[in-house]
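Undergrad: Input file: entry01.csv. Contents: CSV, C-alpha atoms.
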chain,number,residue,atom,x,y,z
A,3,MET,CA,22.8,208.3,39.0
A,4,SER,CA,25.1,209.9,36.4
A,5,GLY,CA,24.4,213.1,34.6
A,6,GLU,CA,24.1,211.3,31.3
A,7,VAL,CA,20.9,212.2,29.4
A,8,MET,CA,21.4,210.7,26.0
A,9,ARG,CA,22.4,207.3,24.7
A,10,HIS,CA,22.8,206.1,21.2
A,11,ILE,CA,22.5,202.4,20.3
A,12,GLU,CA,23.0,200.9,16.9
A,13,VAL,CA,20.7,198.0,17.2
A,14,GLY,CA,18.3,197.0,20.0
A,15,LEU,CA,15.1,195.1,20.6
A,16,SER,CA,13.0,198.2,20.9
A,17,ALA,CA,13.5,201.8,22.0
A,18,GLU,CA,11.0,201.2,24.9
A,19,SER,CA,12.8,198.2,26.2
A,20,VAL,CA,16.2,200.0,26.2
A,21,ALA,CA,14.8,203.1,27.8
A,22,GLY,CA,12.8,201.1,30.3
A,23,ALA,CA,15.8,199.2,31.5
A,24,TRP,CA,17.7,202.5,31.9
A,25,ALA,CA,14.8,204.1,33.8
A,26,ARG,CA,14.2,201.2,36.1
A,27,GLN,CA,17.7,199.9,36.7
A,28,GLU,CA,19.8,203.1,36.6
A,29,ALA,CA,17.2,205.7,37.6
A,30,ALA,CA,17.4,207.6,34.3
A,31,PRO,CA,16.5,211.3,34.9
A,32,HIS,CA,13.5,213.2,33.4
A,33,GLY,CA,14.3,213.9,29.8
A,34,ALA,CA,16.8,211.0,29.3
A,35,LEU,CA,16.8,210.0,25.6
A,36,VAL,CA,17.6,206.8,23.8
A,37,SER,CA,18.3,206.8,20.1
A,38,LEU,CA,18.3,203.6,18.2
A,39,ALA,CA,19.6,203.4,14.6
A,40,GLY,CA,17.7,200.1,14.2
A,41,GLU,CA,14.9,198.5,16.2
A,42,VAL,CA,14.6,194.8,15.7
A,43,ALA,CA,11.1,194.3,17.3
A,44,GLY,CA,9.5,197.7,17.7
A,45,ARG,CA,5.9,197.9,18.6
A,46,SER,CA,3.5,200.8,18.1
A,47,ARG,CA,0.3,201.6,20.0
A,48,GLY,CA,-1.6,198.5,21.0
A,49,GLY,CA,1.4,196.3,20.5
A,50,VAL,CA,1.3,196.4,16.7
A,51,PRO,CA,4.7,195.3,15.2
A,52,VAL,CA,6.5,197.9,13.1
A,53,SER,CA,9.1,197.5,10.4
A,54,PRO,CA,12.7,197.6,11.6
A,55,GLY,CA,14.0,201.2,11.5
A,56,PRO,CA,15.2,204.0,13.7
A,57,ALA,CA,13.4,205.1,16.8
A,58,ILE,CA,13.9,207.7,19.6
A,59,ALA,CA,12.5,207.2,23.1
A,60,VAL,CA,12.5,209.8,25.9
A,61,ILE,CA,12.0,209.0,29.5
A,62,VAL,CA,9.8,211.6,31.3
A,63,ARG,CA,8.7,211.8,34.9
A,64,PRO,CA,5.7,214.1,34.7
A,65,GLU,CA,3.7,215.5,37.6
A,66,LEU,CA,0.4,214.0,36.5
A,67,ALA,CA,-2.4,212.2,38.2
A,68,ALA,CA,-2.7,208.6,37.1
A,69,ASP,CA,-6.1,209.2,35.4
A,70,SER,CA,-4.6,212.1,33.4
A,71,GLN,CA,-2.0,209.9,31.6
A,72,ASP,CA,-3.8,210.3,28.3
A,73,ARG,CA,-2.5,213.9,28.2
A,74,LEU,CA,0.9,212.5,27.4
A,75,TRP,CA,-0.3,211.3,24.0
A,76,LEU,CA,-1.2,214.8,23.0
A,77,ALA,CA,2.1,216.0,24.4
A,78,ALA,CA,4.0,213.4,22.3
A,79,LEU,CA,2.1,214.2,19.1
A,80,VAL,CA,2.6,218.0,19.4
A,81,ALA,CA,6.3,217.5,20.2
A,82,ALA,CA,6.7,215.2,17.2
A,83,HIS,CA,5.0,217.8,15.0
A,84,ARG,CA,7.3,220.5,16.3
A,85,SER,CA,10.4,218.5,15.6
A,86,VAL,CA,9.8,216.2,12.7
A,87,PRO,CA,11.4,217.8,9.6
A,88,PRO,CA,8.6,219.5,7.6
A,89,LEU,CA,8.2,217.9,4.1
A,90,GLY,CA,5.0,219.3,2.8
A,91,GLU,CA,2.4,220.1,5.3
A,92,THR,CA,2.3,217.6,8.2
A,93,ARG,CA,-0.8,217.3,10.4
A,94,LEU,CA,-1.7,215.3,13.5
A,95,GLY,CA,-4.1,212.5,13.8
A,96,TRP,CA,-4.9,211.8,17.5
A,97,PRO,CA,-3.8,209.6,19.2
A,98,ASP,CA,-0.6,208.6,17.5
A,99,SER,CA,-0.2,209.6,13.9
A,100,ILE,CA,1.7,212.4,12.1
A,101,GLU,CA,0.4,212.6,8.6
A,102,THR,CA,0.8,214.3,5.3
A,103,ASP,CA,-1.1,214.2,2.1
A,104,PRO,CA,-0.1,211.6,-0.5
A,105,THR,CA,1.0,214.1,-3.1
A,106,ALA,CA,3.4,215.8,-0.7
A,107,ALA,CA,4.8,212.4,0.3
A,108,ALA,CA,5.1,211.3,-3.3
A,109,SER,CA,6.9,214.4,-4.3
A,110,VAL,CA,9.8,213.5,-2.0
A,111,PRO,CA,12.8,212.1,-4.0
A,112,VAL,CA,13.3,208.8,-2.2
A,113,PRO,CA,16.5,207.0,-3.5
A,114,GLY,CA,15.6,203.5,-4.6
A,115,SER,CA,11.9,203.2,-4.1
A,116,PRO,CA,9.6,206.2,-4.1
A,117,ALA,CA,6.7,203.9,-4.1
A,118,THR,CA,7.5,202.9,-0.5
A,119,VAL,CA,6.3,206.2,0.6
A,120,LEU,CA,2.8,205.8,-0.7
A,121,ALA,CA,2.7,202.1,0.2
A,122,ALA,CA,3.5,202.8,3.8
A,123,SER,CA,0.5,202.1,5.9
A,124,GLY,CA,2.8,202.8,8.8
A,125,PRO,CA,3.0,202.3,12.5
A,126,GLY,CA,0.4,205.0,13.0
A,127,THR,CA,-3.1,203.6,12.8
A,128,ALA,CA,-5.2,206.8,12.6
A,129,VAL,CA,-5.2,207.7,9.0
A,130,PRO,CA,-8.1,210.0,8.3
A,131,GLY,CA,-9.2,210.4,4.8
A,132,THR,CA,-6.4,209.9,2.3
A,133,ALA,CA,-3.6,211.1,4.5
A,134,VAL,CA,-0.4,209.1,4.6
A,135,SER,CA,1.0,208.4,8.0
A,136,VAL,CA,4.7,209.4,8.0
A,137,ALA,CA,5.5,209.0,11.7
A,138,SER,CA,3.9,207.8,14.9
A,139,VAL,CA,4.3,208.2,18.6
A,140,THR,CA,3.8,205.7,21.4
A,141,VAL,CA,3.4,206.4,25.1
A,142,THR,CA,4.1,203.7,27.7
A,143,ALA,CA,3.2,204.9,31.1
A,144,GLN,CA,4.2,203.3,34.4
A,145,LEU,CA,1.9,204.3,37.2
A,146,GLY,CA,2.7,204.8,40.9
A,147,PRO,CA,0.1,205.2,43.6
A,148,GLY,CA,-2.3,207.8,42.2
A,149,HIS,CA,0.2,209.4,39.8
A,150,VAL,CA,2.2,208.7,36.7
A,151,ASP,CA,5.6,207.5,38.0
A,152,MET,CA,7.3,207.5,34.6
A,153,ALA,CA,6.5,207.4,30.9
A,154,ILE,CA,8.5,206.4,27.9
A,155,ILE,CA,7.5,208.4,24.8
A,156,THR,CA,8.7,207.0,21.5
A,157,VAL,CA,8.7,208.5,18.0
A,158,ARG,CA,9.2,206.4,14.9
A,159,SER,CA,9.2,207.4,11.3
A,160,ILE,CA,8.3,205.3,8.3
A,161,GLN,CA,10.7,207.4,6.4
A,162,PRO,CA,14.1,207.4,8.1
A,163,TRP,CA,15.1,210.8,6.6
A,164,ARG,CA,12.2,212.3,8.4
A,165,MET,CA,13.3,211.3,11.9
A,166,PRO,CA,13.5,214.3,14.1
A,167,ASP,CA,16.9,215.5,15.5
A,168,PRO,CA,17.1,213.7,18.9
A,169,ASP,CA,18.0,216.8,20.8
A,170,GLU,CA,15.3,218.9,19.1
A,171,PHE,CA,12.7,216.2,19.8
A,172,ARG,CA,13.8,216.1,23.4
A,173,ARG,CA,13.5,219.8,23.9
A,174,ALA,CA,10.1,219.9,22.1
A,175,LEU,CA,8.8,217.0,24.2
A,176,LEU,CA,9.9,218.5,27.5
A,177,ARG,CA,8.1,221.7,26.6
A,178,SER,CA,4.9,219.9,25.6
A,179,VAL,CA,5.0,217.6,28.7
A,180,SER,CA,5.3,220.8,30.8
A,181,GLN,CA,2.2,222.1,29.0
A,182,ALA,CA,0.5,218.8,29.7
A,183,GLU,CA,1.2,219.3,33.4
A,184,SER,CA,0.1,222.9,33.8
A,185,ASP,CA,-1.2,224.4,30.5
A,186,PHE,CA,-3.2,221.6,29.1
A,187,LEU,CA,-5.6,224.0,27.3
A,188,ASP,CA,-2.7,225.6,25.5
A,189,LEU,CA,-1.5,222.1,24.5
A,190,VAL,CA,-5.0,221.3,23.1
A,191,ALA,CA,-5.0,224.6,21.2
A,192,ASP,CA,-1.6,223.8,19.7
A,193,TYR,CA,-2.9,220.4,18.7
A,194,ALA,CA,-6.2,221.7,17.3
A,195,ALA,CA,-4.4,224.1,15.0
A,196,VAL,CA,-2.7,221.2,13.1
A,197,SER,CA,-5.2,218.4,13.7
A,198,THR,CA,-6.8,216.4,10.9
A,199,THR,CA,-9.9,215.6,13.0
A,200,HIS,CA,-10.6,218.5,15.3
A,201,GLY,CA,-14.1,219.9,14.7
A,202,LYS,CA,-14.8,217.2,12.1
A,203,ARG,CA,-17.2,214.3,11.9
A,204,VAL,CA,-15.4,211.1,12.5
A,205,ARG,CA,-15.9,207.3,12.7
A,206,VAL,CA,-14.0,205.8,15.6
A,207,GLN,CA,-13.4,202.0,15.5
A,208,LEU,CA,-13.2,200.8,19.0
A,209,LEU,CA,-11.3,198.1,20.8
A,210,PRO,CA,-12.0,195.3,21.3
A,211,ARG,CA,-14.9,195.8,18.9
A,212,GLY,CA,-17.7,198.2,17.8
A,213,GLU,CA,-17.6,201.7,16.5
A,214,THR,CA,-18.9,205.1,17.4
A,215,ARG,CA,-19.4,208.3,15.3
A,216,GLY,CA,-19.7,212.0,16.1
A,217,THR,CA,-18.0,215.3,15.9
A,218,VAL,CA,-14.6,215.8,17.7
A,219,THR,CA,-15.2,218.8,19.9
A,220,GLY,CA,-12.1,218.7,22.1
A,221,PHE,CA,-10.5,216.9,25.0
A,222,GLU,CA,-11.5,216.4,28.6
A,223,PRO,CA,-9.0,217.7,31.3
A,224,ASP,CA,-7.9,214.1,31.7
A,225,GLY,CA,-6.9,213.8,28.1
A,226,ARG,CA,-9.8,211.8,26.8
A,227,LEU,CA,-11.2,212.7,23.4
A,228,ARG,CA,-14.6,214.4,23.4
A,229,LEU,CA,-17.0,213.2,20.8
A,230,GLU,CA,-20.4,214.8,20.4
A,231,THR,CA,-23.4,213.5,18.4
A,232,PRO,CA,-26.0,215.6,16.6
A,233,THR,CA,-28.5,215.2,19.5
A,234,GLY,CA,-25.9,216.2,22.1
A,235,MET,CA,-24.8,212.9,23.4
A,236,VAL,CA,-21.2,213.1,24.5
A,237,GLU,CA,-18.8,210.2,24.4
A,238,LEU,CA,-15.4,210.4,26.1
A,239,LEU,CA,-12.8,208.1,24.6
A,240,PRO,CA,-9.5,207.2,26.3
A,241,VAL,CA,-6.7,206.2,24.0
A,242,THR,CA,-6.9,202.5,25.1
A,243,VAL,CA,-10.3,202.0,23.5
A,244,VAL,CA,-9.4,203.5,20.1
A,245,ARG,CA,-8.5,201.2,17.3
A,246,SER,CA,-8.6,203.8,14.5
A,247,ILE,CA,-10.2,207.1,13.5
A,248,SER,CA,-11.3,208.2,10.0
A,249,LEU,CA,-13.2,211.1,8.7
A,250,VAL,CA,-16.7,210.5,7.4
B,3,MET,CA,-32.4,203.8,0.9
B,4,ASN,CA,-36.0,205.0,1.5
B,5,GLY,CA,-38.4,202.1,1.1
B,6,ARG,CA,-41.9,202.3,-0.2
B,7,HIS,CA,-43.4,201.1,3.0
B,8,PRO,CA,-43.1,203.9,5.7
B,9,ALA,CA,-42.0,201.3,8.3
B,10,THR,CA,-38.9,200.7,6.2
B,11,ARG,CA,-37.9,204.3,6.3
B,12,ILE,CA,-38.4,204.4,10.1
B,13,ALA,CA,-36.3,201.3,10.5
B,14,ARG,CA,-33.5,203.0,8.4
B,15,GLU,CA,-33.8,206.2,10.5
B,16,PHE,CA,-33.6,204.1,13.7
B,17,LEU,CA,-30.4,202.4,12.5
B,18,ASP,CA,-28.9,205.7,11.5
B,19,ALA,CA,-29.7,207.2,14.8
B,20,ILE,CA,-27.9,204.3,16.6
B,21,LEU,CA,-25.0,204.7,14.2
B,22,TRP,CA,-24.6,208.4,14.8
B,23,GLY,CA,-25.5,208.3,18.5
B,24,GLU,CA,-28.6,210.4,18.2
B,25,HIS,CA,-29.8,209.3,21.6
B,26,SER,CA,-33.0,211.4,21.8
B,27,LYS,CA,-34.0,210.4,18.3
B,28,VAL,CA,-33.7,206.8,19.2
B,29,TRP,CA,-36.0,207.3,22.1
B,30,GLN,CA,-38.5,209.1,20.0
B,31,LEU,CA,-38.6,206.3,17.5
B,32,LEU,CA,-39.4,203.7,20.1
B,33,SER,CA,-42.9,202.6,20.8
B,34,SER,CA,-44.3,202.8,24.4
B,35,ALA,CA,-43.9,199.0,24.8
B,36,ALA,CA,-40.3,199.3,23.6
B,37,ARG,CA,-39.6,202.1,26.0
B,38,SER,CA,-41.0,200.1,28.9
B,39,ALA,CA,-38.9,197.2,27.9
B,40,ALA,CA,-35.8,199.4,27.7
B,41,LEU,CA,-36.5,200.8,31.2
B,42,ALA,CA,-37.2,197.4,32.6
B,43,VAL,CA,-33.8,196.2,31.4
B,44,ALA,CA,-32.2,199.4,32.8
B,45,GLU,CA,-33.8,198.8,36.2
B,46,ARG,CA,-32.6,195.2,36.2
B,47,ASN,CA,-29.1,196.7,35.6
B,48,GLY,CA,-29.3,199.1,38.5
B,49,LEU,CA,-31.3,202.1,37.3
B,50,ASP,CA,-32.9,203.9,40.2
B,51,ALA,CA,-36.6,203.0,40.4
B,52,ILE,CA,-37.5,206.7,40.9
B,53,VAL,CA,-35.6,207.8,37.9
B,54,ALA,CA,-37.2,205.0,35.9
B,55,ALA,CA,-40.6,206.2,37.0
B,56,ARG,CA,-39.8,209.8,36.0
B,57,ALA,CA,-38.6,208.5,32.6
B,58,ARG,CA,-41.9,206.6,32.1
B,59,ALA,CA,-43.8,209.8,33.0
B,60,GLY,CA,-41.6,211.9,30.8
B,61,THR,CA,-40.5,214.1,33.7
B,62,TRP,CA,-36.8,213.0,33.9
B,63,THR,CA,-34.2,215.7,33.8
B,64,ALA,CA,-32.0,216.4,30.8
B,65,ALA,CA,-29.0,214.9,32.6
B,66,GLU,CA,-30.9,211.8,33.5
B,67,ALA,CA,-32.1,211.4,30.0
B,68,ASP,CA,-28.6,211.9,28.6
B,69,GLU,CA,-27.1,209.3,30.8
B,70,LEU,CA,-29.8,206.7,30.4
B,71,LEU,CA,-30.2,207.2,26.6
B,72,SER,CA,-26.4,207.1,26.2
B,73,ASP,CA,-26.4,203.7,27.9
B,74,LEU,CA,-29.3,202.6,25.6
B,75,ILE,CA,-27.3,203.6,22.5
B,76,LYS,CA,-24.4,201.6,23.8
B,77,GLY,CA,-26.6,198.6,24.5
B,78,LEU,CA,-28.1,198.7,21.0
B,79,ARG,CA,-24.7,199.0,19.4
B,80,ALA,CA,-23.6,196.0,21.4
B,81,ASP,CA,-26.6,194.1,20.2
B,82,LEU,CA,-25.6,194.9,16.7
B,83,GLY,CA,-21.9,194.5,17.4
B,84,ALA,CA,-21.4,191.5,15.1
B,85,VAL,CA,-22.1,193.7,12.0
B,86,ASP,CA,-21.1,197.0,10.6
B,87,ILE,CA,-24.2,199.1,11.2
B,88,SER,CA,-23.5,201.4,8.3
B,89,GLN,CA,-23.7,198.4,6.0
B,90,ILE,CA,-27.0,197.1,7.1
B,91,ALA,CA,-29.7,197.0,4.4
B,92,VAL,CA,-33.4,197.1,5.4
B,93,ALA,CA,-35.7,195.0,3.4
B,94,GLU,CA,-39.3,195.8,2.6
B,95,PRO,CA,-41.7,194.1,5.0
B,96,ASP,CA,-43.6,191.1,3.7
B,97,VAL,CA,-47.1,192.3,4.4
B,98,GLY,CA,-48.7,189.4,2.4
B,99,ARG,CA,-52.4,189.3,2.9
B,100,ARG,CA,-52.4,192.0,5.5
B,101,PRO,CA,-51.4,195.2,3.6
B,102,PHE,CA,-53.1,197.4,6.2
B,103,GLY,CA,-51.8,195.6,9.3
B,104,THR,CA,-50.5,197.7,12.2
B,105,ARG,CA,-47.5,195.6,12.9
B,106,VAL,CA,-44.7,194.6,10.4
B,107,THR,CA,-41.3,193.0,10.6
B,108,VAL,CA,-38.5,194.2,8.4
B,109,ALA,CA,-35.4,192.0,7.8
B,110,LEU,CA,-31.9,193.4,8.2
B,111,SER,CA,-28.9,192.1,6.2
B,112,VAL,CA,-25.3,192.9,5.6
B,113,PRO,CA,-23.4,192.3,2.3
B,114,SER,CA,-21.5,189.1,2.0
B,115,PHE,CA,-18.0,189.0,0.7
B,116,LEU,CA,-18.3,185.4,-0.3
B,117,PRO,CA,-19.0,184.4,-3.9
B,118,ALA,CA,-22.7,184.5,-4.9
B,119,SER,CA,-22.5,180.7,-5.5
B,120,VAL,CA,-22.1,180.2,-1.8
B,121,THR,CA,-24.5,182.7,-0.5
B,122,GLY,CA,-27.1,182.6,-3.3
B,123,GLY,CA,-26.4,186.3,-4.0
B,124,GLU,CA,-27.9,187.4,-0.8
B,125,GLY,CA,-26.3,189.1,2.2
B,126,TRP,CA,-26.0,187.7,5.7
B,127,SER,CA,-29.0,188.1,8.0
B,128,ALA,CA,-28.4,190.7,10.7
B,129,GLY,CA,-31.7,190.3,12.4
B,130,THR,CA,-35.1,191.9,12.3
B,131,ILE,CA,-36.9,195.0,13.5
B,132,GLU,CA,-40.6,194.9,14.4
B,133,LEU,CA,-42.5,198.1,14.0
B,134,VAL,CA,-46.0,199.1,15.1
B,135,GLU,CA,-48.2,201.8,13.7
B,136,ALA,CA,-49.2,204.4,16.3
B,137,ASP,CA,-51.1,207.7,16.1
B,138,ILE,CA,-47.9,209.5,15.2
B,139,GLY,CA,-46.7,207.0,12.6
B,140,TRP,CA,-44.6,203.9,12.7
B,141,LEU,CA,-42.5,203.2,15.7
B,142,VAL,CA,-39.9,200.6,16.5
B,143,ASP,CA,-41.2,197.9,18.9
B,144,ARG,CA,-38.4,195.4,19.0
B,145,LEU,CA,-34.9,194.9,17.6
B,146,ASP,CA,-33.9,191.3,17.3
B,147,ALA,CA,-30.2,191.4,16.4
B,148,ARG,CA,-29.0,188.0,15.1
B,149,ARG,CA,-25.6,187.0,16.4
B,150,VAL,CA,-24.0,186.6,13.0
B,151,GLN,CA,-20.3,186.6,12.5
B,152,ARG,CA,-18.6,188.6,9.9
B,153,PRO,CA,-17.4,186.4,7.0
Using structure tokens, write down the structure that the file contains.
TA:
Amino acid sequence: MSGEVMRHIEVGLSAESVAGAWARQEAAPHGALVSLAGEVAGRSRGGVPVSPGPAIAVIVRPELAADSQDRLWLAALVAAHRSVPPLGETRLGWPDSIETDPTAAASVPVPGSPATVLAASGPGTAVPGTAVSVASVTVTAQLGPGHVDMAIITVRSIQPWRMPDPDEFRRALLRSVSQAESDFLDLVADYAAVSTTHGKRVRVQLLPRGETRGTVTGFEPDGRLRLETPTGMVELLPVTVVRSISLV
Amino acid sequence: MNGRHPATRIAREFLDAILWGEHSKVWQLLSSAARSAALAVAERNGLDAIVAARARAGTWTAAEADELLSDLIKGLRADLGAVDISQIAVAEPDVGRRPFGTRVTVALSVPSFLPASVTGGEGWSAGTIELVEADIGWLVDRLDARRVQRP
């Protein structure tokens, strides 16, 4: 294994595929980063195709139990928020979306086509209210016996000028993954401070079908979203069952 | 959305309670026959007979009630899974020649996105709710969710 921790590739199939090959075939270390100038066939959460564009993937090998893998989504979101260049106020929409309000997005001088900013429905699928998704994260975890063996965390931006600095994203991610391992409550607090849905009434569209509603009251220790109804019924939602979340 | 007939209002409240996961309210709005039917289904699906007996007697613990009623909500949502519950409209019951009857059926429908020439201007049927009048007012006796597909 070499001491290499960062690779840049001009064009590749997807950041996950390049990072995955590095991790599995060359035992890439914890924190190894792949930066792609152009993804040909990137996929966001749930395998939804995204438009070709830049992407950054980081390989992490966290000390987490297998059933706590959802903590990594929160770690990825918080890291992206810490490192995506601020342009107006950005907020986080669990499980995968970094958002801003349309006026802030529209005020950005985009050479060529400012309309593309507003038109972007984006790779992120959680778009509460009228917020515009400007970036998204994806977590692909590989499980070992009872633990998370390795995970690839990818960040993509709809607006290429808003891509985080790779090294800055890597540092932010390693910090938030460390929080996910040992200071999960701190990580939740960091997320709640900039969340679009925390403490609010939401409608969650579920996979493969159906929906549920309630107030977001926090996260379980394993990373599942905690939704509470007016009569006190609690629903715990893992990332895999969430299609989208919107405020009601 | 409040209808003139009190049963319509109860049916609306019942659907809203399902939508918002108000599990204890759903239970309160069920008639004794409907509660028995729900517990019978739960027993067939593995609910402990002793817990079911406590539920019938109203002596179940809060934790048992939460667990069982959460499953009931999920079951009702699954029954209505073919439609968007928030879009369901509740029709006035056709009481006909029995305006003072103690059992009514209200029809449920969801809006259609097809041209009115195709649908006759009406929504798609989403099923029916049967209600009975008890001492404390109208209660839901049966939900018959029709397996309609979204257009």
Undergrad: Give me, as a PyMOL selection string, all polymer residues having an atom no more than 8 Å from segment 63-77 of chain A, counting only C-alpha atoms and skipping those fewer than 6 positions away in the same chain.
TA: chain A and resi 31-33+96-98+139-141+143+145-153+175+178-183+186+189-190+193+223-226+240-241
Undergrad: Restricting it to C-alpha atoms, dump the selection as a PDB file, keeping the file's coordinate frame.
TA:
ATOM      1  CA  PRO A  31      16.500 211.300  34.900  1.00  0.00           C
ATOM      2  CA  HIS A  32      13.500 213.200  33.400  1.00  0.00           C
ATOM      3  CA  GLY A  33      14.300 213.900  29.800  1.00  0.00           C
ATOM      4  CA  TRP A  96      -4.900 211.800  17.500  1.00  0.00           C
ATOM      5  CA  PRO A  97      -3.800 209.600  19.200  1.00  0.00           C
ATOM      6  CA  ASP A  98      -0.600 208.600  17.500  1.00  0.00           C
ATOM      7  CA  VAL A 139       4.300 208.200  18.600  1.00  0.00           C
ATOM      8  CA  THR A 140       3.800 205.700  21.400  1.00  0.00           C
ATOM      9  CA  VAL A 141       3.400 206.400  25.100  1.00  0.00           C
ATOM     10  CA  ALA A 143       3.200 204.900  31.100  1.00  0.00           C
ATOM     11  CA  LEU A 145       1.900 204.300  37.200  1.00  0.00           C
ATOM     12  CA  GLY A 146       2.700 204.800  40.900  1.00  0.00           C
ATOM     13  CA  PRO A 147       0.100 205.200  43.600  1.00  0.00           C
ATOM     14  CA  GLY A 148      -2.300 207.800  42.200  1.00  0.00           C
ATOM     15  CA  HIS A 149       0.200 209.400  39.800  1.00  0.00           C
ATOM     16  CA  VAL A 150       2.200 208.700  36.700  1.00  0.00           C
ATOM     17  CA  ASP A 151       5.600 207.500  38.000  1.00  0.00           C
ATOM     18  CA  MET A 152       7.300 207.500  34.600  1.00  0.00           C
ATOM     19  CA  ALA A 153       6.500 207.400  30.900  1.00  0.00           C
ATOM     20  CA  LEU A 175       8.800 217.000  24.200  1.00  0.00           C
ATOM     21  CA  SER A 178       4.900 219.900  25.600  1.00  0.00           C
ATOM     22  CA  VAL A 179       5.000 217.600  28.700  1.00  0.00           C
ATOM     23  CA  SER A 180       5.300 220.800  30.800  1.00  0.00           C
ATOM     24  CA  GLN A 181       2.200 222.100  29.000  1.00  0.00           C
ATOM     25  CA  ALA A 182       0.500 218.800  29.700  1.00  0.00           C
ATOM     26  CA  GLU A 183       1.200 219.300  33.400  1.00  0.00           C
ATOM     27  CA  PHE A 186      -3.200 221.600  29.100  1.00  0.00           C
ATOM     28  CA  LEU A 189      -1.500 222.100  24.500  1.00  0.00           C
ATOM     29  CA  VAL A 190      -5.000 221.300  23.100  1.00  0.00           C
ATOM     30  CA  TYR A 193      -2.900 220.400  18.700  1.00  0.00           C
ATOM     31  CA  PRO A 223      -9.000 217.700  31.300  1.00  0.00           C
ATOM     32  CA  ASP A 224      -7.900 214.100  31.700  1.00  0.00           C
ATOM     33  CA  GLY A 225      -6.900 213.800  28.100  1.00  0.00           C
ATOM     34  CA  ARG A 226      -9.800 211.800  26.800  1.00  0.00           C
ATOM     35  CA  PRO A 240      -9.500 207.200  26.300  1.00  0.00           C
ATOM     36  CA  VAL A 241      -6.700 206.200  24.000  1.00  0.00           C
TER      37      VAL A 241
END
Undergrad: Do me a favour and pick out the residues of chain B within 10 Å of chain A, using only C-alpha atoms, as number ranges by chain.
TA: B: 19-28, 67-69, 71-72, 75-76, 79-80, 82-87
Undergrad: Quick one, how far is atom CA of Ile90 of chain B from atom CA of Ala128 of chain B?
TA: 7.5 Å
Undergrad: Please provide the set of residues having any atom within 8 Å of Val134 of chain B, restricted to all atoms listed in the file, with same-chain residues fewer than 5 positions apart removed, written as a PyMOL selection string.
TA: chain B and resi 33+104-106+140-143
Undergrad: Between A:Pro56, A:Gly14, A:Pro168, A:Pro210, which is the closest to Val42 of chain A once you count all atoms listed in the file?
TA: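 Ranking A:Pro56, A:Gly14, A:Pro168, A:Pro210 by distance to Val42 of chain A, first place goes to A:Gly14.
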Undergrad: If you measure from atom CA of Leu209 of chain A to atom CA of Val243 of chain A, what distance in Å do you get, rounded to one decimal?
TA: 4.8 Å
Undergrad: Nearest to Thr242 of chain A among A:His83, A:Arg164, A:Lys202, A:Arg47, with distances taken over all atoms listed in the file: which residue is it?
TA: A:Arg47
Undergrad: Between A:Ala133, A:Ala23, A:Ala34, A:Val86, which is the closest to Glu170 of chain A once you count all atoms listed in the file?
TA: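 Once distances to Glu170 of chain A are computed over all atoms listed in the file, the minimum belongs to A:Val86.
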Undergrad: Separation of atom CA of Glu45 of chain B and atom CA of Leu110 of chain B, in Å?
TA: 28.6 Å
Undergrad: Pick out the residues sitting within 6 Å of Gly129 of chain B, and hand them over as JSON, numbers by chain; count all atoms listed in the file, and ignore anything fewer than 2 positions along from it in its own chain.
TA: {"B": [110, 127, 146, 147, 148]}
Undergrad: For Glu132 of chain B, which residue among B:Ala42, B:Val108, B:Ala118, B:Glu94 is the nearest when counting only C-alpha atoms?
TA: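 Residue with the minimum atom-to-atom distance to Glu132 of chain B: B:Val108.
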Undergrad: Find the residues with any atom within 10 Å of (-43.8, 192.6, 7.7); use all atoms listed in the file and the coordinates as given in the file, and write the answer as an mmCIF file with C-alpha atoms, keeping the file's coordinate frame.
TA:
data_model
loop_
_atom_site.group_PDB
_atom_site.id
_atom_site.type_symbol
_atom_site.label_atom_id
_atom_site.label_comp_id
_atom_site.auth_asym_id
_atom_site.auth_seq_id
_atom_site.Cartn_x
_atom_site.Cartn_y
_atom_site.Cartn_z
ATOM 1 C CA HIS B 7 -43.400 201.100 3.000
ATOM 2 C CA ALA B 9 -42.000 201.300 8.300
ATOM 3 C CA THR B 10 -38.900 200.700 6.200
ATOM 4 C CA ALA B 93 -35.700 195.000 3.400
ATOM 5 C CA GLU B 94 -39.300 195.800 2.600
ATOM 6 C CA PRO B 95 -41.700 194.100 5.000
ATOM 7 C CA ASP B 96 -43.600 191.100 3.700
ATOM 8 C CA VAL B 97 -47.100 192.300 4.400
ATOM 9 C CA GLY B 98 -48.700 189.400 2.400
ATOM 10 C CA ARG B 100 -52.400 192.000 5.500
ATOM 11 C CA PRO B 101 -51.400 195.200 3.600
ATOM 12 C CA GLY B 103 -51.800 195.600 9.300
ATOM 13 C CA THR B 104 -50.500 197.700 12.200
ATOM 14 C CA ARG B 105 -47.500 195.600 12.900
ATOM 15 C CA VAL B 106 -44.700 194.600 10.400
ATOM 16 C CA THR B 107 -41.300 193.000 10.600
ATOM 17 C CA VAL B 108 -38.500 194.200 8.400
ATOM 18 C CA ALA B 109 -35.400 192.000 7.800
ATOM 19 C CA THR B 130 -35.100 191.900 12.300
ATOM 20 C CA ILE B 131 -36.900 195.000 13.500
ATOM 21 C CA GLU B 132 -40.600 194.900 14.400
ATOM 22 C CA LEU B 133 -42.500 198.100 14.000
#
Undergrad: Might you pull out every residue within 12 Å of Thr199 of chain A, with all atoms listed in the file counted and same-chain residues fewer than 2 positions away left off, and present them as a VMD selection string?
TA: chain A and resid 93 to 97 99 101 128 to 131 133 193 to 197 201 to 206 216 to 220 227 to 229 246 to 250
Undergrad: Produce segment 124-129 of chain B of the given structure as output with C-alpha atoms, as a CSV table (one decimal), in the first residue's frame.
TA:
chain,number,residue,atom,x,y,z
B,124,GLU,CA,-65.6,12.7,-11.0
B,125,GLY,CA,-62.6,11.4,-9.1
B,126,TRP,CA,-61.5,7.8,-8.8
B,127,SER,CA,-63.1,5.7,-6.1
B,128,ALA,CA,-60.8,5.1,-3.2
B,129,GLY,CA,-63.2,2.9,-1.3
